[in-house]
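Asks: Below is a structure I'd like to ask you about.
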Amino acid sequence: MMIDASRLTKVCALAVLTGFMSIAPGFAKDVKIGVLMPRTGRYAESGLSVMRGIEMVVKDANAAGGIKSLGGGKIDLVVADNGSDPTKTSLEARRLMSEEKVSFVLGPYSTPEAQAFMPVADRYQVGGVGLQTTLIPTTPYFSTISISAEGFGKAYADMVQWLTSKGAKIGTVAITYANNDYGQVVSKTAAAALTAQGVKVLESIPVEPSVKDMTPIVLRVKSLAPDAVISVVYFQDGMLLHKARFNLGYADPTWLGGSAGFSDDKLWETLGAEVAEKTLTDSFGLAFYSEDGKLPGLKDALEKGKAAYPDKTLDQSFMFGVQAARMMVRALEDAGSDDPVKVNAAFRGLKFKAGDPAIVLPIIPGDMRYNEDGTLAGTSPIFIQWKGGRKYIVYPESVASTTAVMHGRK
Amino acid sequence: MSGEVLLQATVQGLQMGAIYALIALSMTLIFSVGGLLNFAHGDFMALAMYGAMALYQAFRMDAYAAAPLMFFLFLLLGFVLFRHLVQPVLAAGVLAGAQLTLGLVFIQENLLLLLFGGDYINVPTVLSNRNLGVPPLVMPWPLLVGSVLAAVLTAVLYVVLMRTDFGRQVRAITQNRDAAALMGIRVGRIQALAFGIGIGLLGLTGPMIVAQFTLTPAMGLDFTLIALIVMVTGGLGNFTGSMVAGVIIGVSESLASLLYGGTVGAMIPYAILLLVLLFRPHGLMGEH
């Protein structure tokens, strides 16, 4: 077979040119990243806060010269609103992947949205990262930066054990939980772990998240007279819980709970100081983030966040956005490509040493890496206590900034 | 379970029930005159609550002081809405009207989101965190005031409907719209007025119960649902029925939550509705 030398030369030249273009600064390759967040609906405020965190990191990365391994290519965010709705999540994910041709998706936000997202990600082989998603991923194309519901349940039991070691007398516990997948798993895991510790679980009381008055539930807990109560609540039912506790003047047991209903950054202000002082000060709130965390990455994110958004609260959602975006930037650098499969593999392969500036959330106290199932290894929720409207980490002691207060005594 | 705890739960349920009735009364009024199921009912109330919040933030006006002002503002809003939006659409049938109110749900929710953001908001009032202690009972003042308002409004609406010319005209339209028109009743005007008063009452109710709830743009649907359940259980268009149904549902829900947990408590309103529809399809106090 005759080889056309001139044609071969052209092909070689084209190949060299293509390779050159991919590394030469003048031929930088921009990369499209999807952001699938609730900008309307139930989780709108959280979604908008996440967006601020993502935009801050991407703006910084682009200003610092873009993705070096892509010849300084800039990150181009393609934002989609899923309306806090699983069905719309599925549709928008499809659009981002098939029409916008994004390389990776930051989002979705919640567990039901993630359940709708995963089959789409699997089909188009485009990776995504869930933020407040407490499920264990069922596809290699989805990862999470949250903690599983089982992890939450175990954390409550660990906290009870720790409080007992610090002198609290906890022999009996009552659990109230939001009656959905997440709440049920947390409650069951906590009850099993507590029983194994020799703590008697008096009752696990389900509560519908749409409840309009928590007084009957608090009355039921009161009639059980437990030493401690664990309440798995969201923001609104948490508000109702604290109001009912305040109205009934019920402050006997040690109260643990989370997450938003005990540790949301706006909880104290929304509840009002009068109620918050009486209910939150002695309680222990399970959280992902607190401003007093010691991580260098967190301090840096706070400093930059305050400069970028001086009139906004830098809450948990904002930090989730920063965390996801910093991981995505690093994954793009590692991938050196905008191929979705390679970017996803790089994301799953991320490894950060403890103290790396990319680690923002205090729930990652040591090295960071992914387990095979797409959950983060070595994560542990923190517990905070409120003092005068500010949150302070009290547990685990390795990251605590102050000592726990139990019914007025340290 | 001690008697004291049971009594506290019963009283709490009575008060919550009265609040449910209060939310349902204006839906009953709107339905009774135009046959319109207002799915945006709860969202109008959420709008009124946000209005009270805006007045508090701008002028430190307490929600209870803002309530009469909101009543007149919402009365006007309801009247104008009916004349220029609801009435033309209703001409195409009740179903079109229901679809219109569903559209209003999305418009209002997103309007609130645009104007006030999605943050949860608590509106402080002079009665927030204040309780009336009648040992061994504790009764939050915001719930007590809401309960009294519900009872007063039920009585006023009953008297207006049964003893005034306006009420007679409303009843005539409810019974036979065409015959009422032939008798010289200006049907459109009465309907607009009734719709306006219905929306106005939401303007009054929202600020009066705002201390009990945490504001969020998507809160309206829950109110609409409870209003629908109470209205249908009590008997469509029957104010006393709404009051009775609200109290029954509130007490049952509270006691069931206390005795069997929150999930059973949350099922109770629907279970009562189902039973009433099975055995008294026209509602507890409805007429055939």
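We name chains A, B, ... following the order of the structure tokens; residues begin at 1 in each chain, and ligands are numbered from 1 as shown.
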I'd like the contact shell of A:Asp356 - 8 Å cut-off, only C-alpha atoms, skipping same-chain residues fewer than 3 positions apart - returned as a PyMOL selection string.
Replies: chain A and resi 296-297+352-353+359
Asks: Could you work out which residues of chain B fall inside 6 Å of chain A? Count only C-alpha atoms, and format the result as a list in words.
Replies: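 Interface list for chain B against chain A: Ala9, Gly118, Asp119, Ile121, Asn122, Ser254, Ser257, Leu258, Gly261, Gly262 and Thr263 of chain B.
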Asks: Can you spit out the residues from that selection as a PDB file, in the first residue's frame, using N, CA and C atoms?
Replies:
```
ATOM      1  N   ALA B   9     -53.000  19.702  76.129  1.00  0.00           N
ATOM      2  CA  ALA B   9     -53.065  19.378  74.693  1.00  0.00           C
ATOM      3  C   ALA B   9     -54.436  19.731  74.127  1.00  0.00           C
ATOM      4  N   GLY B 118     -35.719  34.342  50.264  1.00  0.00           N
ATOM      5  CA  GLY B 118     -36.288  33.078  50.748  1.00  0.00           C
ATOM      6  C   GLY B 118     -36.013  32.800  52.211  1.00  0.00           C
ATOM      7  N   ASP B 119     -35.373  33.751  52.904  1.00  0.00           N
ATOM      8  CA  ASP B 119     -35.066  33.540  54.332  1.00  0.00           C
ATOM      9  C   ASP B 119     -36.322  33.308  55.165  1.00  0.00           C
ATOM     10  N   ILE B 121     -38.499  34.140  58.229  1.00  0.00           N
ATOM     11  CA  ILE B 121     -38.609  35.416  58.953  1.00  0.00           C
ATOM     12  C   ILE B 121     -39.614  35.278  60.095  1.00  0.00           C
ATOM     13  N   ASN B 122     -39.252  35.826  61.228  1.00  0.00           N
ATOM     14  CA  ASN B 122     -40.140  35.874  62.377  1.00  0.00           C
ATOM     15  C   ASN B 122     -40.546  37.330  62.569  1.00  0.00           C
ATOM     16  N   SER B 254     -54.282  17.595  67.838  1.00  0.00           N
ATOM     17  CA  SER B 254     -53.418  17.787  69.006  1.00  0.00           C
ATOM     18  C   SER B 254     -53.400  16.533  69.893  1.00  0.00           C
ATOM     19  N   SER B 257     -51.594  13.635  68.167  1.00  0.00           N
ATOM     20  CA  SER B 257     -50.134  13.829  68.195  1.00  0.00           C
ATOM     21  C   SER B 257     -49.590  13.480  69.566  1.00  0.00           C
ATOM     22  N   LEU B 258     -50.318  13.878  70.597  1.00  0.00           N
ATOM     23  CA  LEU B 258     -49.878  13.600  71.966  1.00  0.00           C
ATOM     24  C   LEU B 258     -49.895  12.095  72.254  1.00  0.00           C
ATOM     25  N   GLY B 261     -48.266  10.157  68.460  1.00  0.00           N
ATOM     26  CA  GLY B 261     -47.139  10.694  67.696  1.00  0.00           C
ATOM     27  C   GLY B 261     -47.586  11.589  66.550  1.00  0.00           C
ATOM     28  N   GLY B 262     -46.618  12.321  66.006  1.00  0.00           N
ATOM     29  CA  GLY B 262     -46.915  13.355  65.017  1.00  0.00           C
ATOM     30  C   GLY B 262     -47.469  12.844  63.705  1.00  0.00           C
ATOM     31  N   THR B 263     -47.078  11.639  63.302  1.00  0.00           N
ATOM     32  CA  THR B 263     -47.544  11.131  62.007  1.00  0.00           C
ATOM     33  C   THR B 263     -49.046  10.870  62.045  1.00  0.00           C
TER      34      THR B 263
END
```
Asks: Skip stretch 321-334 of chain A itself and residues of its chain fewer than 5 positions away, then list as a list of chain:residue names all residues within 7 Å of it, counting only C-alpha atoms.
Replies: A:Val50, A:Met51, A:Gly53, A:Ile54, A:Val57, A:Ile67, A:Lys68, A:Ser69, A:Leu106, A:Val343, A:Ala346, A:Phe347, A:Leu350, A:Ala358, A:Ile359, A:Val360, A:Leu361
Asks: Take the residues that were just selected and, keeping C-alpha atoms, output them as a short mmCIF file (atom, residue, chain, number, x, y, z; two decimals), in the first residue's frame.
Replies:
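out01.cif, freshly written:
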```
data_model
loop_
_atom_site.label_atom_id
_atom_site.label_comp_id
_atom_site.auth_asym_id
_atom_site.auth_seq_id
_atom_site.Cartn_x
_atom_site.Cartn_y
_atom_site.Cartn_z
CA VAL A 50 -24.55 28.13 47.62
CA MET A 51 -24.40 30.07 44.34
CA GLY A 53 -19.96 30.56 47.35
CA ILE A 54 -19.46 28.92 43.94
CA VAL A 57 -14.38 30.62 44.03
CA ILE A 67 -7.11 26.22 34.82
CA LYS A 68 -3.39 25.84 34.15
CA SER A 69 -3.63 22.30 32.80
CA LEU A 106 -22.14 21.34 40.89
CA VAL A 343 -13.26 15.27 35.07
CA ALA A 346 -10.43 13.30 38.76
CA PHE A 347 -13.10 14.51 41.17
CA LEU A 350 -9.19 13.98 44.79
CA ALA A 358 -9.21 23.48 49.60
CA ILE A 359 -10.73 21.97 52.77
CA VAL A 360 -13.34 24.39 54.08
CA LEU A 361 -15.86 22.42 56.11
#
```
Asks: If we count only C-alpha atoms and set the cut-off at 8 Å, which residues sit around A:Ala354, ignoring sequence neighbours fewer than 4 positions away in its own chain? Please answer as number ranges by chain.
Replies: A: 359, 365-368
Asks: Could you tell me how far atom CA of B:Val210 sits from atom CA of B:Arg130, in Å to one decimal place?
Replies: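 About the pair atom CA of B:Arg130 and atom CA of B:Val210: they are 14.0 Å apart.
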Asks: Applying 8 Å and only C-alpha atoms, which residues near A:Pro108 remain after dropping the ones on its own chain fewer than 3 positions away? List them as a list in words.
Replies: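 So, after excluding close chain neighbours, the residues are Val35, Leu36, Met37, Pro38, Thr89, Glu113, Ala114, Phe117, Gly128, Val129, Gly130 and Leu131 of chain A.
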Asks: Could the residues in this selection be written to a file with N, CA and C atoms, as a short mmCIF file (atom, residue, chain, number, x, y, z; two decimals), in the first residue's frame?
Replies:
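What ended up in part_6.cif:
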```cif
data_model
loop_
_atom_site.label_atom_id
_atom_site.label_comp_id
_atom_site.auth_asym_id
_atom_site.auth_seq_id
_atom_site.Cartn_x
_atom_site.Cartn_y
_atom_site.Cartn_z
N VAL A 35 -24.24 24.41 37.03
CA VAL A 35 -24.61 24.63 38.44
C VAL A 35 -26.12 24.38 38.53
N LEU A 36 -26.48 23.30 39.17
CA LEU A 36 -27.89 22.92 39.25
C LEU A 36 -28.35 23.13 40.70
N MET A 37 -28.98 24.27 40.93
CA MET A 37 -29.32 24.65 42.31
C MET A 37 -30.75 25.18 42.37
N PRO A 38 -31.38 25.08 43.55
CA PRO A 38 -32.69 25.71 43.70
C PRO A 38 -32.55 27.22 43.85
N THR A 89 -35.34 18.89 38.46
CA THR A 89 -33.91 18.57 38.57
C THR A 89 -33.50 17.64 37.45
N GLU A 113 -33.64 15.68 45.31
CA GLU A 113 -33.14 16.16 44.02
C GLU A 113 -32.03 15.22 43.53
N ALA A 114 -31.19 14.76 44.46
CA ALA A 114 -30.09 13.85 44.07
C ALA A 114 -30.63 12.53 43.54
N PHE A 117 -31.45 13.13 40.10
CA PHE A 117 -30.27 13.50 39.29
C PHE A 117 -29.45 12.27 38.86
N GLY A 128 -21.54 14.67 38.93
CA GLY A 128 -22.13 15.75 39.72
C GLY A 128 -21.79 15.56 41.18
N VAL A 129 -21.91 16.64 41.94
CA VAL A 129 -21.63 16.53 43.38
C VAL A 129 -22.79 17.13 44.17
N GLY A 130 -23.37 16.33 45.04
CA GLY A 130 -24.49 16.79 45.87
C GLY A 130 -23.97 17.51 47.10
N LEU A 131 -24.76 18.50 47.55
CA LEU A 131 -24.30 19.27 48.70
C LEU A 131 -24.93 18.76 50.01
#
```
Asks: With DSSP run on the backbone, what are the strand (DSSP E or B) residues within stretch 45-229 of chain B? I'd like them as a PDB file with C-alpha atoms, in the first residue's frame.
Replies:
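As written to disk, selection_1.pdb reads:
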```
ATOM      1  CA  ILE B 121     -38.609  35.416  58.953  1.00  0.00           C
ATOM      2  CA  ASN B 131     -48.328  33.425  77.712  1.00  0.00           C
ATOM      3  CA  LEU B 132     -51.423  33.522  79.842  1.00  0.00           C
ATOM      4  CA  GLY B 133     -50.858  31.213  82.776  1.00  0.00           C
ATOM      5  CA  VAL B 134     -53.962  29.645  84.289  1.00  0.00           C
ATOM      6  CA  LEU B 137     -52.419  25.570  81.793  1.00  0.00           C
ATOM      7  CA  VAL B 138     -50.209  27.764  79.650  1.00  0.00           C
ATOM      8  CA  MET B 139     -51.857  29.593  76.764  1.00  0.00           C
ATOM      9  CA  PRO B 140     -49.830  31.646  74.255  1.00  0.00           C
ATOM     10  CA  LEU B 215     -42.631  33.373  57.235  1.00  0.00           C
TER      11      LEU B 215
END
```
Asks: Quick one: distance from atom CA of A:Pro119 to atom CA of A:Asp338 in Å, one decimal?
Replies: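 For atom CA of A:Pro119 relative to atom CA of A:Asp338, the distance reads 21.4 Å.
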Asks: So that I can check the surroundings of A:Asp292, please list as a PDB file with C-alpha atoms, in the first residue's frame every protein, DNA and RNA residue that reaches within 7 Å of it, counting only C-alpha atoms and ignoring chain neighbours fewer than 4 positions away.
Replies:
```
ATOM      1  CA  TYR A 392     -19.126  27.787  69.021  1.00  0.00           C
ATOM      2  CA  ILE A 393     -17.848  24.285  68.289  1.00  0.00           C
ATOM      3  CA  SER A 401     -13.143  26.284  70.216  1.00  0.00           C
TER       4      SER A 401
END
```
Asks: As a compact mmCIF listing (two decimals) with C-alpha atoms, in the first residue's frame, please: the residues near stretch 82-85 of chain B (cut-off 12 Å, only C-alpha atoms, same-chain neighbours under 2 positions excluded).
Replies:
```txt
# COMPACT_ATOMS: atom_id res chain seq x y z
CA ILE B 30 -65.59 33.58 48.54
CA GLY B 34 -69.13 32.76 43.33
CA LEU B 36 -64.90 29.79 43.20
CA ASN B 38 -59.54 29.97 45.58
CA PHE B 74 -56.63 43.78 50.72
CA LEU B 75 -60.33 44.60 50.35
CA LEU B 76 -59.38 47.02 47.59
CA LEU B 77 -56.96 44.50 46.09
CA GLY B 78 -59.62 41.79 46.10
CA PHE B 79 -62.23 44.10 44.54
CA VAL B 80 -59.91 45.21 41.75
CA GLN B 87 -64.71 37.97 36.68
CA PRO B 88 -63.63 37.84 33.02
CA VAL B 89 -62.04 34.42 33.54
CA LEU B 90 -64.99 33.08 35.54
CA ALA B 91 -67.15 33.71 32.49
CA ALA B 92 -65.33 30.73 30.96
CA ALA B 96 -60.99 28.33 34.46
CA GLY B 97 -61.37 30.34 37.66
CA LEU B 100 -56.49 31.27 37.43
CA THR B 101 -56.10 31.06 41.21
CA GLY B 103 -51.59 30.71 38.53
CA LEU B 104 -51.85 33.36 41.23
CA VAL B 187 -74.65 40.11 40.58
CA GLY B 188 -71.20 41.22 39.42
CA ARG B 189 -71.04 44.03 41.97
CA ILE B 190 -72.09 41.79 44.88
CA GLN B 191 -69.66 39.09 43.81
CA ALA B 192 -66.83 41.63 43.57
CA LEU B 193 -67.71 42.98 46.99
CA ALA B 194 -67.86 39.50 48.53
CA PHE B 195 -64.55 38.55 46.91
CA GLY B 196 -63.06 41.83 48.12
CA ILE B 197 -64.29 41.23 51.68
CA GLY B 198 -62.96 37.66 51.53
CA ILE B 199 -59.50 38.84 50.50
```
Asks: One number please: atom CA of A:Ala225 to atom CA of A:Ala260, in Å, one decimal.
Replies: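 Separation between atom CA of A:Ala225 and atom CA of A:Ala260: 25.1 Å.
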Asks: Name the residues of stretch 36-257 of chain B that fall into alpha helix (DSSP H) according to DSSP on the backbone, using the chain letters and numbers of this document, as a PyMOL selection string.
Replies: chain B and resi 41-59+63-81+87-90+94-116+141-163+165-175+177-182+187-209+220-234+239-257
Asks: Can you work out which one of A:Gln197, A:Ala168, A:Val341, A:Ser259 has the shortest atom-to-atom distance to A:Arg123, counting only C-alpha atoms?
Replies: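 With only C-alpha atoms as the atom set, the closest residue is A:Val341.
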Asks: With distances taken over only C-alpha atoms, which of A:Gly355, A:Gly183, A:Gly388, A:Gly107 is nearest to A:Phe152?
Replies: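 Once distances to A:Phe152 are computed over only C-alpha atoms, the minimum belongs to A:Gly183.
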